[in-house]
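File shown: entry.cif. Contents: mmCIF, C-alpha atoms.
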```cif
data_query
loop_
_atom_site.label_atom_id
_atom_site.label_comp_id
_atom_site.auth_asym_id
_atom_site.auth_seq_id
_atom_site.Cartn_x
_atom_site.Cartn_y
_atom_site.Cartn_z
CA MET A 589 -53.25 84.45 4.05
CA LEU A 590 -52.98 86.11 0.64
CA LYS A 591 -49.32 86.73 1.32
CA VAL A 592 -48.78 83.02 1.96
CA VAL A 593 -50.49 82.17 -1.31
CA GLU A 594 -48.33 84.76 -3.09
CA LYS A 595 -45.22 83.25 -1.56
CA ILE A 596 -46.19 79.71 -2.58
CA ARG A 597 -46.93 81.00 -6.09
CA ALA A 598 -43.56 82.66 -6.22
CA VAL A 599 -41.68 79.53 -5.15
CA GLY A 600 -43.93 77.18 -7.08
CA SER A 601 -43.89 79.05 -10.35
CA ARG A 602 -40.13 79.02 -10.62
CA PRO A 603 -39.50 77.11 -13.81
CA GLY A 604 -39.37 73.40 -13.18
CA SER A 605 -40.40 73.50 -9.54
CA LEU A 606 -42.15 70.47 -8.06
CA VAL A 607 -42.64 72.14 -4.68
CA VAL A 608 -46.33 72.74 -5.31
CA LEU A 609 -47.03 69.11 -6.10
CA VAL A 610 -45.21 67.93 -2.97
CA LEU A 611 -47.05 70.54 -0.90
CA GLY A 612 -50.37 69.26 -2.26
CA LEU A 613 -49.43 65.69 -1.36
CA ILE A 614 -48.47 66.69 2.17
CA LEU A 615 -51.69 68.67 2.65
CA GLY A 616 -53.70 65.71 1.35
CA VAL A 617 -52.02 63.26 3.72
CA ALA A 618 -52.45 65.65 6.66
CA PHE A 619 -56.11 66.28 5.88
CA PHE A 620 -57.02 62.65 5.28
CA GLY A 621 -54.92 61.40 8.17
CA SER A 622 -56.56 63.76 10.64
CA ALA A 623 -60.06 63.09 9.29
CA GLY A 624 -59.51 59.35 9.66
CA SER A 625 -57.98 59.67 13.11
CA PHE A 626 -60.87 61.85 14.21
CA MET A 627 -63.34 59.18 13.03
CA VAL A 628 -61.53 56.63 15.18
CA TYR A 629 -61.16 58.96 18.15
CA ALA A 630 -64.79 60.10 17.99
CA ASN A 631 -65.81 56.45 18.32
CA SER A 632 -63.75 55.76 21.43
CA GLU A 633 -65.42 55.22 24.77
CA LYS A 634 -63.25 58.00 26.19
CA PHE A 635 -64.68 60.56 23.79
CA CYS A 636 -68.31 59.38 23.70
CA ALA A 637 -68.88 58.56 27.32
CA THR A 638 -66.98 61.26 29.15
CA SER A 639 -66.68 64.34 26.91
CA CYS A 640 -69.94 65.97 27.97
CA HIS A 641 -71.98 65.64 31.15
CA GLU A 642 -75.14 64.83 29.16
CA MET A 643 -73.60 61.54 28.06
CA SER A 644 -72.20 60.75 31.45
CA PHE A 645 -75.82 60.07 32.57
CA LEU A 646 -75.91 57.31 29.99
CA ALA A 647 -72.39 56.10 30.70
CA VAL A 648 -73.31 55.50 34.33
CA GLU A 649 -76.32 53.40 33.32
CA HIS A 650 -74.23 51.32 30.92
CA LYS A 651 -71.81 50.42 33.68
CA ASP A 652 -72.12 46.79 34.83
CA THR A 653 -74.73 45.88 32.22
CA ILE A 654 -74.00 42.75 30.18
CA HIS A 655 -72.37 44.81 27.41
CA ASP A 656 -69.94 46.36 29.89
CA LYS A 657 -69.04 43.52 32.23
CA ASN A 658 -69.53 39.83 31.59
CA ARG A 659 -67.97 36.39 31.79
CA THR A 660 -65.41 36.88 29.00
CA GLY A 661 -64.73 40.62 29.20
CA VAL A 662 -65.70 41.10 25.55
CA ARG A 663 -67.52 44.43 25.54
CA ALA A 664 -69.66 46.68 23.40
CA THR A 665 -69.13 50.38 24.02
CA CYS A 666 -71.21 53.41 22.92
CA ASN A 667 -70.35 53.42 19.23
CA ASP A 668 -70.69 49.66 18.78
CA CYS A 669 -74.47 50.00 19.20
CA HIS A 670 -75.08 53.62 18.24
CA VAL A 671 -72.78 54.44 15.31
CA PRO A 672 -73.01 52.67 11.94
CA HIS A 673 -69.94 50.68 10.93
CA GLY A 674 -70.05 51.22 7.14
CA TYR A 675 -68.10 54.20 5.76
CA ILE A 676 -70.86 56.42 4.41
CA PRO A 677 -73.41 55.78 7.19
CA ASN A 678 -70.59 56.53 9.66
CA TYR A 679 -69.84 59.89 8.03
CA LEU A 680 -73.53 60.78 7.99
CA ALA A 681 -73.83 59.84 11.64
CA LYS A 682 -70.83 62.02 12.47
CA LEU A 683 -72.60 64.99 10.90
CA GLY A 684 -75.32 64.37 13.45
CA LEU A 685 -72.76 65.44 16.03
CA PHE A 686 -73.58 69.04 15.15
CA ASN A 687 -77.03 68.48 16.56
CA ASP A 688 -75.41 67.41 19.82
CA TYR A 689 -73.28 70.57 19.85
CA TRP A 690 -76.41 72.61 19.27
CA GLY A 691 -78.19 70.90 22.13
CA HIS A 692 -75.17 71.21 24.42
CA PHE A 693 -74.20 74.84 23.73
CA VAL A 694 -77.36 76.55 22.56
CA THR A 695 -80.61 74.95 23.61
CA HIS A 696 -79.28 73.11 26.70
CA SER A 697 -82.03 70.61 26.06
CA ILE A 698 -80.88 67.87 28.44
CA ASP A 699 -78.28 69.56 30.62
CA THR A 700 -79.84 68.48 33.92
CA LYS A 701 -80.87 65.05 35.11
CA GLU A 702 -84.51 66.25 35.29
CA LYS A 703 -84.56 67.51 31.71
CA PHE A 704 -82.88 64.30 30.62
CA GLU A 705 -85.47 62.12 32.36
CA ALA A 706 -88.27 64.21 30.87
CA LYS A 707 -86.93 63.54 27.37
CA ARG A 708 -85.89 59.94 27.95
CA TYR A 709 -88.90 58.36 26.28
CA GLU A 710 -88.56 60.55 23.21
CA LEU A 711 -84.82 59.79 22.96
CA ALA A 712 -85.32 56.05 23.45
CA LYS A 713 -88.07 55.99 20.84
CA LYS A 714 -85.75 57.64 18.31
CA VAL A 715 -83.14 54.92 18.82
CA TRP A 716 -85.72 52.13 18.69
CA ILE A 717 -87.16 53.39 15.43
CA TYR A 718 -83.67 53.72 13.98
CA MET A 719 -82.83 50.15 14.96
CA LYS A 720 -86.13 48.75 13.71
CA ASP A 721 -85.58 50.52 10.39
CA THR A 722 -82.16 48.98 9.88
CA ASP A 723 -83.17 45.52 11.17
CA SER A 724 -80.89 46.10 14.18
CA ARG A 725 -77.88 46.50 11.92
CA GLU A 726 -75.55 47.64 14.68
CA CYS A 727 -76.49 44.65 16.89
CA ARG A 728 -75.82 42.31 14.00
CA HIS A 729 -72.39 43.79 13.37
CA CYS A 730 -71.19 41.77 16.38
CA HIS A 731 -73.99 39.23 16.82
CA THR A 732 -73.97 36.98 13.76
CA THR A 733 -77.28 35.10 13.90
CA ALA A 734 -75.96 32.34 11.65
CA LYS A 735 -73.16 31.71 14.15
CA MET A 736 -75.32 31.54 17.26
CA ASP A 737 -75.38 28.12 18.85
CA PRO A 738 -78.93 27.37 20.05
CA GLU A 739 -77.57 24.46 22.10
CA LYS A 740 -75.76 26.97 24.30
CA GLN A 741 -78.86 29.13 24.80
CA THR A 742 -81.53 28.64 27.44
CA ASP A 743 -84.68 26.80 26.41
CA LYS A 744 -86.63 30.02 26.76
CA ALA A 745 -84.26 31.87 24.43
CA LYS A 746 -84.34 29.04 21.90
CA VAL A 747 -88.14 29.05 21.73
CA ARG A 748 -88.39 32.82 21.53
CA HIS A 749 -85.70 33.17 18.85
CA GLU A 750 -87.55 30.56 16.82
CA LYS A 751 -90.80 32.43 17.26
CA LEU A 752 -89.38 35.81 16.31
CA ARG A 753 -88.20 34.48 12.98
CA THR A 754 -91.74 33.51 12.04
CA GLU A 755 -93.12 36.82 13.27
CA GLY A 756 -90.59 39.00 11.45
CA LEU A 757 -89.32 40.71 14.59
CA THR A 758 -85.86 42.23 14.98
CA CYS A 759 -83.37 42.21 17.90
CA ILE A 760 -84.48 45.50 19.43
CA ASP A 761 -88.12 44.41 19.59
CA CYS A 762 -87.28 42.31 22.66
CA HIS A 763 -83.75 43.35 23.68
CA PHE A 764 -84.47 46.94 24.72
CA GLY A 765 -83.56 48.72 27.92
CA ILE A 766 -80.62 46.34 28.26
CA ALA A 767 -77.87 48.98 28.46
CA HIS A 768 -79.79 52.02 29.74
CA ALA A 769 -82.70 52.58 32.08
CA GLU A 770 -86.00 51.70 30.47
CA PRO A 771 -88.42 54.60 29.99
CA SER A 772 -92.11 54.24 30.74
CA GLY A 773 -94.38 54.10 27.71
CA PRO A 774 -94.91 51.76 24.77
CA GLY A 775 -91.87 49.60 23.86
CA PRO A 776 -90.35 48.92 20.43
CA LYS A 777 -92.88 46.20 19.59
CA GLU A 778 -95.71 48.70 19.90
CA ILE A 779 -94.03 51.27 17.66
CA PHE A 780 -94.44 51.00 13.93
CA PRO A 781 -91.72 52.78 11.93
CA ALA A 782 -94.06 53.44 9.05
CA THR A 783 -96.39 55.59 11.14
CA ALA A 784 -93.85 57.09 13.52
CA ALA A 785 -91.74 60.11 12.62
CA LYS A 786 -88.55 58.96 10.86
CA ILE A 787 -85.20 60.36 11.87
CA MET B 1324 -43.59 57.51 -18.20
CA PRO B 1325 -42.79 59.18 -14.81
CA LYS B 1326 -40.42 61.51 -16.66
CA ARG B 1327 -43.20 62.65 -18.97
CA VAL B 1328 -45.59 63.18 -16.03
CA PHE B 1329 -43.01 65.27 -14.17
CA ALA B 1330 -42.32 67.28 -17.31
CA LYS B 1331 -46.05 67.94 -17.67
CA VAL B 1332 -46.30 69.02 -14.00
CA ARG B 1333 -43.33 71.34 -14.46
CA ARG B 1334 -44.92 72.91 -17.52
CA LEU B 1335 -48.20 73.45 -15.62
CA VAL B 1336 -46.44 75.08 -12.69
CA THR B 1337 -44.41 77.32 -14.95
CA GLY B 1338 -47.54 78.21 -16.88
CA ASN B 1339 -49.13 79.69 -13.76
CA LYS B 1340 -51.34 76.67 -13.09
CA ALA B 1341 -49.86 76.15 -9.64
CA SER B 1342 -53.25 75.81 -7.92
CA THR B 1343 -54.22 72.99 -10.30
CA VAL B 1344 -51.03 71.16 -9.40
CA LEU B 1345 -51.62 71.75 -5.69
CA LEU B 1346 -55.12 70.33 -5.98
CA ALA B 1347 -53.87 67.37 -8.01
CA GLY B 1348 -51.31 66.59 -5.31
CA PHE B 1349 -54.01 66.82 -2.65
CA ALA B 1350 -56.33 64.54 -4.61
CA ALA B 1351 -53.55 62.03 -5.28
CA ALA B 1352 -52.76 61.84 -1.54
CA VAL B 1353 -56.42 61.33 -0.59
CA VAL B 1354 -56.94 58.63 -3.23
CA GLY B 1355 -53.66 56.95 -2.32
CA LEU B 1356 -54.43 56.85 1.38
CA SER B 1357 -57.98 55.62 0.76
CA LEU B 1358 -56.70 52.74 -1.32
CA PHE B 1359 -54.07 51.96 1.29
CA GLY B 1360 -56.60 52.01 4.14
CA THR B 1361 -59.12 49.94 2.21
CA SER B 1362 -56.50 47.33 1.39
CA MET B 1363 -55.54 47.17 5.09
CA ILE B 1364 -59.17 46.50 5.98
CA TYR B 1365 -59.78 44.07 3.13
CA THR B 1366 -56.68 42.00 3.90
CA GLY B 1367 -57.94 41.69 7.50
CA THR B 1368 -61.31 40.21 6.55
CA GLU B 1369 -62.25 36.58 7.00
CA GLN B 1370 -63.04 36.38 3.30
CA PHE B 1371 -59.48 37.31 2.36
CA CYS B 1372 -57.55 35.52 5.11
CA ALA B 1373 -59.43 32.27 5.32
CA ASN B 1374 -60.24 31.49 1.72
CA ASN B 1375 -57.64 33.05 -0.55
CA CYS B 1376 -55.08 30.25 -0.51
CA HIS B 1377 -55.54 26.53 -0.05
CA GLU B 1378 -52.89 26.51 2.69
CA MET B 1379 -55.27 28.44 4.93
CA ALA B 1380 -58.56 27.13 3.56
CA ASN B 1381 -57.73 23.42 3.90
CA ASN B 1382 -56.14 23.60 7.32
CA ASN B 1383 -56.60 26.53 9.69
CA THR B 1384 -60.01 27.55 8.39
CA ARG B 1385 -61.51 24.08 8.71
CA GLU B 1386 -60.08 23.59 12.17
CA PHE B 1387 -61.46 26.94 13.27
CA ARG B 1388 -65.02 26.08 12.25
CA ASP B 1389 -67.37 25.44 15.20
CA THR B 1390 -64.77 26.36 17.82
CA ILE B 1391 -65.92 28.80 20.50
CA HIS B 1392 -64.54 31.78 18.58
CA ASP B 1393 -66.56 30.83 15.51
CA LYS B 1394 -69.88 29.65 16.92
CA ASN B 1395 -71.23 30.35 20.38
CA ARG B 1396 -74.23 31.39 22.43
CA THR B 1397 -74.30 35.04 21.33
CA GLY B 1398 -72.84 34.85 17.82
CA VAL B 1399 -70.09 37.32 18.68
CA ARG B 1400 -67.04 36.02 16.83
CA ALA B 1401 -63.31 36.44 16.49
CA THR B 1402 -61.96 35.74 13.03
CA CYS B 1403 -58.36 35.25 11.76
CA ALA B 1404 -57.22 38.85 12.03
CA ASP B 1405 -58.66 39.40 15.50
CA CYS B 1406 -56.17 36.95 17.03
CA HIS B 1407 -53.30 37.00 14.54
CA VAL B 1408 -52.92 40.59 13.33
CA PRO B 1409 -52.04 43.56 15.56
CA HIS B 1410 -54.73 46.22 15.87
CA ALA B 1411 -52.62 49.37 16.26
CA PRO B 1412 -51.61 51.08 12.99
CA VAL B 1413 -47.81 50.74 13.01
CA PRO B 1414 -47.59 47.11 14.22
CA LEU B 1415 -50.33 46.37 11.67
CA TYR B 1416 -48.22 47.72 8.79
CA ILE B 1417 -45.23 45.73 9.95
CA ALA B 1418 -47.34 42.58 10.18
CA LYS B 1419 -48.64 43.15 6.66
CA MET B 1420 -45.06 43.25 5.39
CA GLY B 1421 -44.69 39.79 6.90
CA ALA B 1422 -47.41 38.63 4.53
CA LEU B 1423 -44.81 38.91 1.76
CA ASN B 1424 -43.24 35.87 3.39
CA ASP B 1425 -46.51 33.99 2.88
CA LEU B 1426 -46.52 34.92 -0.80
CA TRP B 1427 -42.95 33.63 -1.11
CA SER B 1428 -43.84 30.29 0.47
CA HIS B 1429 -47.01 29.94 -1.55
CA HIS B 1430 -45.49 30.72 -4.93
CA VAL B 1431 -41.82 29.75 -4.58
CA THR B 1432 -40.94 27.32 -1.79
CA HIS B 1433 -44.37 25.59 -1.44
CA SER B 1434 -43.53 24.89 2.19
CA VAL B 1435 -47.03 23.95 3.45
CA ASP B 1436 -48.96 23.21 0.25
CA THR B 1437 -50.18 19.74 1.30
CA PRO B 1438 -51.88 18.69 4.58
CA GLU B 1439 -48.88 16.38 5.23
CA LYS B 1440 -46.36 19.19 4.91
CA PHE B 1441 -48.64 21.41 6.98
CA ASP B 1442 -48.85 18.89 9.82
CA ALA B 1443 -45.09 18.35 9.72
CA GLN B 1444 -44.57 22.09 10.19
CA ARG B 1445 -47.39 22.48 12.72
CA PRO B 1446 -45.30 22.33 15.93
CA MET B 1447 -42.88 24.94 14.52
CA MET B 1448 -45.69 27.27 13.39
CA ALA B 1449 -47.63 26.90 16.64
CA THR B 1450 -44.49 27.55 18.68
CA ARG B 1451 -43.93 30.69 16.63
CA VAL B 1452 -47.44 32.01 17.41
CA TRP B 1453 -47.15 31.08 21.09
CA THR B 1454 -43.80 32.85 21.37
CA TYR B 1455 -45.33 35.90 19.70
CA MET B 1456 -48.27 35.93 22.10
CA LYS B 1457 -46.15 35.32 25.17
CA GLY B 1458 -43.82 38.07 24.00
CA ASN B 1459 -46.56 40.72 24.07
CA ASP B 1460 -48.63 39.40 26.98
CA SER B 1461 -51.35 38.09 24.65
CA ARG B 1462 -52.04 41.57 23.31
CA GLU B 1463 -54.37 40.39 20.56
CA CYS B 1464 -56.47 38.34 23.04
CA ARG B 1465 -56.75 41.36 25.30
CA PHE B 1466 -57.94 43.60 22.49
CA CYS B 1467 -61.36 41.95 22.87
CA HIS B 1468 -61.09 40.34 26.29
CA ASP B 1469 -60.82 43.19 28.79
CA GLU B 1470 -59.59 41.54 31.97
CA SER B 1471 -60.87 44.34 34.23
CA LYS B 1472 -64.36 43.85 32.77
CA MET B 1473 -64.56 40.10 33.33
CA ASP B 1474 -67.15 39.11 35.87
CA PRO B 1475 -65.75 36.28 38.03
CA GLU B 1476 -69.27 35.63 39.35
CA LYS B 1477 -70.25 34.47 35.86
CA GLN B 1478 -67.26 32.15 35.52
CA THR B 1479 -67.05 28.55 36.68
CA GLU B 1480 -65.36 27.74 40.00
CA MET B 1481 -62.48 26.18 38.10
CA ALA B 1482 -61.97 29.24 35.92
CA LYS B 1483 -62.11 31.57 38.91
CA ALA B 1484 -59.50 29.58 40.82
CA ARG B 1485 -57.20 29.24 37.82
CA HIS B 1486 -57.39 32.89 36.82
CA THR B 1487 -56.40 33.88 40.34
CA LYS B 1488 -53.52 31.43 40.25
CA ALA B 1489 -52.43 32.60 36.80
CA LYS B 1490 -52.20 36.19 38.00
CA LYS B 1491 -50.00 35.12 40.91
CA GLU B 1492 -47.74 33.10 38.64
CA LYS B 1493 -47.56 35.86 36.01
CA LEU B 1494 -48.94 33.67 33.27
CA THR B 1495 -50.51 35.10 30.13
CA CYS B 1496 -53.70 34.06 28.27
CA VAL B 1497 -52.07 31.75 25.74
CA ASP B 1498 -50.18 29.85 28.44
CA CYS B 1499 -53.43 27.99 29.16
CA HIS B 1500 -55.78 28.93 26.31
CA TYR B 1501 -53.89 27.30 23.45
CA GLY B 1502 -55.16 24.89 20.82
CA ILE B 1503 -58.58 26.47 21.26
CA ALA B 1504 -59.08 27.49 17.64
CA HIS B 1505 -56.71 25.09 15.85
CA LYS B 1506 -55.43 21.57 16.50
CA VAL B 1507 -52.88 21.15 19.28
CA PRO B 1508 -49.55 19.95 17.87
CA GLU B 1509 -47.35 17.30 19.45
CA GLY B 1510 -44.58 18.58 21.67
CA PRO B 1511 -44.16 21.12 24.47
CA GLY B 1512 -46.96 23.66 25.02
CA PRO B 1513 -46.68 27.40 25.66
CA GLN B 1514 -45.87 26.97 29.35
CA GLU B 1515 -42.87 24.78 28.56
CA ILE B 1516 -41.26 26.98 25.94
CA GLU B 1517 -38.79 29.71 26.77
CA VAL B 1518 -39.46 33.07 25.14
CA ASP B 1519 -36.52 33.73 22.87
CA LYS B 1520 -36.64 37.51 22.43
CA SER B 1521 -34.82 37.38 19.12
CA PHE B 1522 -37.60 35.15 17.82
CA ILE B 1523 -40.32 37.72 18.44
CA PRO B 1524 -41.26 39.66 15.33
CA ARG B 1525 -41.09 43.42 15.58
CA SER B 1526 -44.82 43.74 15.08
CA ALA B 1527 -45.29 41.90 18.35
CA ILE B 1528 -43.48 44.31 20.58
CA PHE B 1529 -43.61 47.65 18.81
#
```
Translate the structure of the given file into C-alpha cells.
Amino acid sequence: MLKVVEKIRAVGSRPGSLVVLVLGLILGVAFFGSAGSFMVYANSEKFCATSCHEMSFLAVEHKDTIHDKNRTGVRATCNDCHVPHGYIPNYLAKLGLFNDYWGHFVTHSIDTKEKFEAKRYELAKKVWIYMKDTDSRECRHCHTTAKMDPEKQTDKAKVRHEKLRTEGLTCIDCHFGIAHAEPSGPGPKEIFPATAAKI
Amino acid sequence: MPKRVFAKVRRLVTGNKASTVLLAGFAAAVVGLSLFGTSMIYTGTEQFCANNCHEMANNNTREFRDTIHDKNRTGVRATCADCHVPHAPVPLYIAKMGALNDLWSHHVTHSVDTPEKFDAQRPMMATRVWTYMKGNDSRECRFCHDESKMDPEKQTEMAKARHTKAKKEKLTCVDCHYGIAHKVPEGPGPQEIEVDKSFIPRSAIF
C-alpha cells in the first residue's frame, strides 16, 4: 500500500502534473457511484426478500397480500413500507443493516421459524411504534390522503376515515397485519409511543 | 480563470501537496455527482414538470387533474415523470437531453404557447407519445403496473376478457389505455398508427 502511495507521489509530484487531480476525480466518482448504486440495490425486492432466510419468512407472508397482488398490479415491496424515502433517514436506516448482520451471523436471534415466531410480537411492536412516531410516513409516501377519492371507497371506509381524523389516529393504527401475519397481543392502537421504548 | 486554477493545482502538486489535490478531486467528484443526481430527481418532480412553464400548466396539468392517475380510491398516484420519463439511468439521461428541445420551443419558436396552438399540435404530440410507448411495449406503464401481479379476480368481466384478447393479439397497454390522463385528440388512435422505428427516440429503446 505504501509503495502505491509512493508511486502516485512520484508521478504526481512531477512538475506540472495533473494526474493526481484526475485520480481524485475518478476515485470520487467510483466511490459515490457505488454508494448510490448500493442504496438502490439494497432497496430492491431481490436483495431484501431473498438474501437471507430470516427475511424469506416475511417474504412468504407478503405474497398475495394486497400490496403484492391486486387489480392493477401496482405493488409495494419491502422497502416501500420499511425504509425511509428521504436521503438522510435512508442512510440512517441503512446503518441499521449492521444490526441485521449481527443477528444473522453472531446471535442467530431468529434463524429458525420457532425463534422467529417467539419474537414476532416484539418485532411487530417495533415497527408499529416507528410508524406511529412518523405518522405513517412510509405509507403516506405512496398514499396521498389529499388525493384519495372517498366516492370510490366503501361506506365503511368513508365513515372510519372521517372518524380517524377527529381522533388523531394514523394509518397503522387500523391497517396493521395487512402484509404479514398478525401477532397475538395488543395492537398499535393500544400502544402509546410516549411510554413504550423508542427505537 | 480555468488556466489560473490549473496553474494553482500544478503548483500545489509540485510543492508536495499531492494528497490535498487528491482529496480536492475526490470532493469535487462527490459534490458534482450529488448536484447532478439531485437535479435529475428535482426535474422529475410534479412541482417542476407540471408548473414551471405555462405550456404544461395550462394544458396537460389541468387535463390530468382528477383523472384516475391523480385521484383514486387509495391515493396512490402517477405524476408526469412516472409515465413520460424513463426510469433506468441511461435512458433517463438521454430523455433529459430532449428537454433542451422544450427550452428551445418555449424561448425561441413559441410553438405551443397558446391553448389554440397547443390544440392544433395535439394530434402530432399525442401520436409521438403513442409511438414511443408502442415502441418500447409501454415500458413506463409497466414500471408500476406489474402484469404478473395483476389479480384478474379483482378485475371486471370486461377487463378480464379484453386483457386475454390483448395478449393473444400482441397489443400493448397504450393501444387501449390512451387518452386516460389527457384529452383524446381527433384522428387515428394508437391501434391505427404504424410504428415508424425511425420516429422512436433513443431513450425509448435503449
Legend entry - Contact residues (chain B, partner chain A, 10 Å, only C-alpha atoms) as a PyMOL selection string: chain B and resi 1329-1357+1360+1389+1391-1401+1464-1479
The distance between CA of Arg1445 in chain B and CA of Pro1414 in chain B is 24.7 Å
The PyMOL selection byres ((chain A and resi 774-777) around 8) applied to the shown file, residues as a list in words
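Evaluating the PyMOL selection byres ((chain A and resi 774-777) around 8) on this file yields Lys713, Trp716, Ile717, Lys720, Ile760, Asp761, Cys762, Phe764, Ser772, Gly773, Glu778, Ile779 and Phe780 of chain A.
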Rounded to one decimal in Å, what is the spacing between CA of Cys669 in chain A and CA of His749 in chain A?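 Straight-line distance from CA of Cys669 in chain A to CA of His749 in chain A works out to 20.2 Å.
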Quiz prompt | Resolved residues for the PyMOL selection byres ((chain A and resi 771) around 10) as a ChimeraX atom specification | solution = /A:705-713,765,768-770,772-775
Pairwise distance, CA of Thr722 in chain A with CA of Thr638 in chain A, equals 27.4 Å
Can you report as JSON the centre and edge lengths in Å, to one decimal, of an axis-aligned box around the listed atoms of range 1431-1440 of chain B padded with 6 Å on each side?
```
{"center_x": -46.4, "center_y": 23.1, "center_z": 0.3, "size_x": 22.9, "size_y": 25.4, "size_z": 21.8}
```
(request) Extract, using all atoms listed in the file, all DNA, RNA and protein residues at most 12 Å from Asp688 in chain A, discarding same-chain residues fewer than 4 positions from it, and format them as an MDAnalysis selection string. (result) chainID A and resid 636 639:643 681:684 692:699
Just to be explicit: take each residue in the selection above, keep C-alpha atoms, and write the result as a compact mmCIF listing (two decimals), in the coordinates of the input.
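New file part-v1.txt:
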```txt
# COMPACT_ATOMS: atom_id res chain seq x y z
CA CYS A 636 -68.31 59.38 23.70
CA SER A 639 -66.68 64.34 26.91
CA CYS A 640 -69.94 65.97 27.97
CA HIS A 641 -71.98 65.64 31.15
CA GLU A 642 -75.14 64.83 29.16
CA MET A 643 -73.60 61.54 28.06
CA ALA A 681 -73.83 59.84 11.64
CA LYS A 682 -70.83 62.02 12.47
CA LEU A 683 -72.60 64.99 10.90
CA GLY A 684 -75.32 64.37 13.45
CA HIS A 692 -75.17 71.21 24.42
CA PHE A 693 -74.20 74.84 23.73
CA VAL A 694 -77.36 76.55 22.56
CA THR A 695 -80.61 74.95 23.61
CA HIS A 696 -79.28 73.11 26.70
CA SER A 697 -82.03 70.61 26.06
CA ILE A 698 -80.88 67.87 28.44
CA ASP A 699 -78.28 69.56 30.62
```
From the list B:Lys1483, B:His1407, B:Arg1327, B:Lys1506, the nearest residue to Cys1372 in chain B using only C-alpha atoms is B:His1407
**Prompt:** Could you name the residues that touch Pro1508 in chain B at 9 Å or less, counting only C-alpha atoms, but leaving out those on the same chain fewer than 5 positions away, as a list in words?
**Reply:** Asp1442, Arg1445, Pro1446, Met1447, Ala1449 and Gly1502 of chain B
Because some atoms of range 1403-1416 of chain B are absent here, can you restore N, CA and C atoms and send them as an mmCIF file, keeping the file's coordinate frame?
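Once written, selection-v6.cif looks like this:
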```
data_model
loop_
_atom_site.group_PDB
_atom_site.id
_atom_site.type_symbol
_atom_site.label_atom_id
_atom_site.label_comp_id
_atom_site.auth_asym_id
_atom_site.auth_seq_id
_atom_site.Cartn_x
_atom_site.Cartn_y
_atom_site.Cartn_z
ATOM 1 N N CYS B 1403 -59.829 35.321 11.899
ATOM 2 C CA CYS B 1403 -58.360 35.250 11.760
ATOM 3 C C CYS B 1403 -57.635 36.471 12.306
ATOM 4 N N ALA B 1404 -57.985 37.645 11.728
ATOM 5 C CA ALA B 1404 -57.220 38.850 12.030
ATOM 6 C C ALA B 1404 -57.338 39.263 13.491
ATOM 7 N N ASP B 1405 -58.474 38.972 14.121
ATOM 8 C CA ASP B 1405 -58.660 39.400 15.500
ATOM 9 C C ASP B 1405 -57.590 38.821 16.423
ATOM 10 N N CYS B 1406 -57.162 37.585 16.166
ATOM 11 C CA CYS B 1406 -56.170 36.950 17.030
ATOM 12 C C CYS B 1406 -54.753 37.056 16.462
ATOM 13 N N HIS B 1407 -54.631 37.148 15.137
ATOM 14 C CA HIS B 1407 -53.300 37.000 14.540
ATOM 15 C C HIS B 1407 -52.724 38.245 13.902
ATOM 16 N N VAL B 1408 -53.456 39.359 13.916
ATOM 17 C CA VAL B 1408 -52.920 40.590 13.330
ATOM 18 C C VAL B 1408 -53.045 41.706 14.378
ATOM 19 N N PRO B 1409 -51.979 42.470 14.580
ATOM 20 C CA PRO B 1409 -52.040 43.560 15.560
ATOM 21 C C PRO B 1409 -53.112 44.578 15.170
ATOM 22 N N HIS B 1410 -53.658 45.278 16.155
ATOM 23 C CA HIS B 1410 -54.730 46.220 15.870
ATOM 24 C C HIS B 1410 -54.272 47.668 15.757
ATOM 25 N N ALA B 1411 -53.113 47.997 16.346
ATOM 26 C CA ALA B 1411 -52.620 49.370 16.260
ATOM 27 C C ALA B 1411 -51.969 49.595 14.898
ATOM 28 N N PRO B 1412 -52.068 50.812 14.354
ATOM 29 C CA PRO B 1412 -51.610 51.080 12.990
ATOM 30 C C PRO B 1412 -50.193 50.605 12.670
ATOM 31 N N VAL B 1413 -49.179 51.051 13.423
ATOM 32 C CA VAL B 1413 -47.810 50.740 13.010
ATOM 33 C C VAL B 1413 -47.490 49.239 13.080
ATOM 34 N N PRO B 1414 -47.799 48.562 14.203
ATOM 35 C CA PRO B 1414 -47.590 47.110 14.220
ATOM 36 C C PRO B 1414 -48.359 46.407 13.097
ATOM 37 N N LEU B 1415 -49.535 46.951 12.757
ATOM 38 C CA LEU B 1415 -50.330 46.370 11.670
ATOM 39 C C LEU B 1415 -49.558 46.422 10.360
ATOM 40 N N TYR B 1416 -48.965 47.580 10.058
ATOM 41 C CA TYR B 1416 -48.220 47.720 8.790
ATOM 42 C C TYR B 1416 -47.046 46.766 8.758
#
```
